[in-house]
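The block underneath contains the structure these notes are about, expressed in structure tokens.
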Amino acid sequence: SHPNPSLTSLFAKENLARMSEEQLNRYDRLINEPSNDWDIYYWATEAKPTPAEFDTDVMAMLREFAKNRNREQRLRQPDLEYLFEPPH
């Protein structure tokens, strides 16, 4: 299953237009080189540390994007979140 086309394609839709050519190249490497698509998702959500070779300005943008998306989703569906989140 493919968790992160949603994340990376939404990111692409919002960000590719304002990225430089170097950034586009780094983005391209990021989505094509890791052998496991989940890795990008884990790095973006900081579930796993990003390897140095992929820890670029583009990865930082993707992390920020993932954070904001999570925040928006939480705002949209608070009731569901509470059912599944362990109490803090």
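Naming works like this for the structure tokens: A, B, ... for the chains as they're shown, residue 1 at the start of each chain, ligands 1 onward in shown order.
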Segment 50-81 of chain A near segment 23-27 of chain A within 12 Å: what's each residue's closest atom pair and its distance in Å to one decimal, counting only C-alpha atoms, ordered by chain then ascending residue number, as a tab-separated table?
residue	atom	partner	partner_atom	distance
A:Glu53	CA	A:Arg26	CA	10.0
A:Phe54	CA	A:Arg26	CA	8.1
A:Asp55	CA	A:Arg26	CA	9.8
A:Thr56	CA	A:Arg26	CA	7.6
A:Asp57	CA	A:Gln23	CA	7.7
A:Val58	CA	A:Tyr27	CA	6.2
A:Met59	CA	A:Tyr27	CA	7.9
A:Ala60	CA	A:Tyr27	CA	11.0
A:Met61	CA	A:Tyr27	CA	10.2
A:Leu62	CA	A:Tyr27	CA	9.4
Export, as an mmCIF file, in the first residue's frame, the selected residues with N, CA and C atoms.
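Written output follows (again.cif):
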data_model
loop_
_atom_site.group_PDB
_atom_site.id
_atom_site.type_symbol
_atom_site.label_atom_id
_atom_site.label_comp_id
_atom_site.auth_asym_id
_atom_site.auth_seq_id
_atom_site.Cartn_x
_atom_site.Cartn_y
_atom_site.Cartn_z
ATOM 1 N N GLU A 53 21.767 12.289 3.758
ATOM 2 C CA GLU A 53 21.748 12.560 2.310
ATOM 3 C C GLU A 53 20.399 13.095 1.831
ATOM 4 N N PHE A 54 19.336 12.817 2.583
ATOM 5 C CA PHE A 54 18.019 13.314 2.180
ATOM 6 C C PHE A 54 17.545 14.467 3.050
ATOM 7 N N ASP A 55 18.362 14.851 4.031
ATOM 8 C CA ASP A 55 17.916 15.888 4.958
ATOM 9 C C ASP A 55 18.226 17.263 4.392
ATOM 10 N N THR A 56 17.435 17.661 3.406
ATOM 11 C CA THR A 56 17.685 18.901 2.673
ATOM 12 C C THR A 56 16.626 19.941 3.013
ATOM 13 N N ASP A 57 16.743 21.097 2.394
ATOM 14 C CA ASP A 57 15.725 22.128 2.561
ATOM 15 C C ASP A 57 14.363 21.605 2.104
ATOM 16 N N VAL A 58 14.375 20.748 1.092
ATOM 17 C CA VAL A 58 13.127 20.203 0.572
ATOM 18 C C VAL A 58 12.480 19.282 1.613
ATOM 19 N N MET A 59 13.296 18.472 2.268
ATOM 20 C CA MET A 59 12.774 17.596 3.319
ATOM 21 C C MET A 59 12.213 18.439 4.464
ATOM 22 N N ALA A 60 12.882 19.539 4.773
ATOM 23 C CA ALA A 60 12.388 20.433 5.827
ATOM 24 C C ALA A 60 11.014 20.991 5.450
ATOM 25 N N MET A 61 10.853 21.337 4.173
ATOM 26 C CA MET A 61 9.564 21.841 3.697
ATOM 27 C C MET A 61 8.491 20.762 3.819
ATOM 28 N N LEU A 62 8.882 19.545 3.474
ATOM 29 C CA LEU A 62 7.924 18.437 3.531
ATOM 30 C C LEU A 62 7.526 18.156 4.984
#
_Residue nearest Lys67 of chain A among A:Arg29, A:Leu7, A:Ala17, A:Ala52 (counting only C-alpha atoms)_ =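 Comparing A:Arg29, A:Leu7, A:Ala17, A:Ala52 against Lys67 of chain A, the winner is A:Leu7.
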*Pick the closest to Tyr41 of chain A from A:Arg63, A:Asp28, A:Leu10, A:Ser20: which is it, counting only C-alpha atoms?*
A:Arg63
*asked:* For the structure I just gave you, how does DSSP split chain A - specifically, which residues are alpha helix (DSSP H)? Reply as a PyMOL selection string.
replied: chain A and resi 4-15+21-32+37-44+57-76+78-84
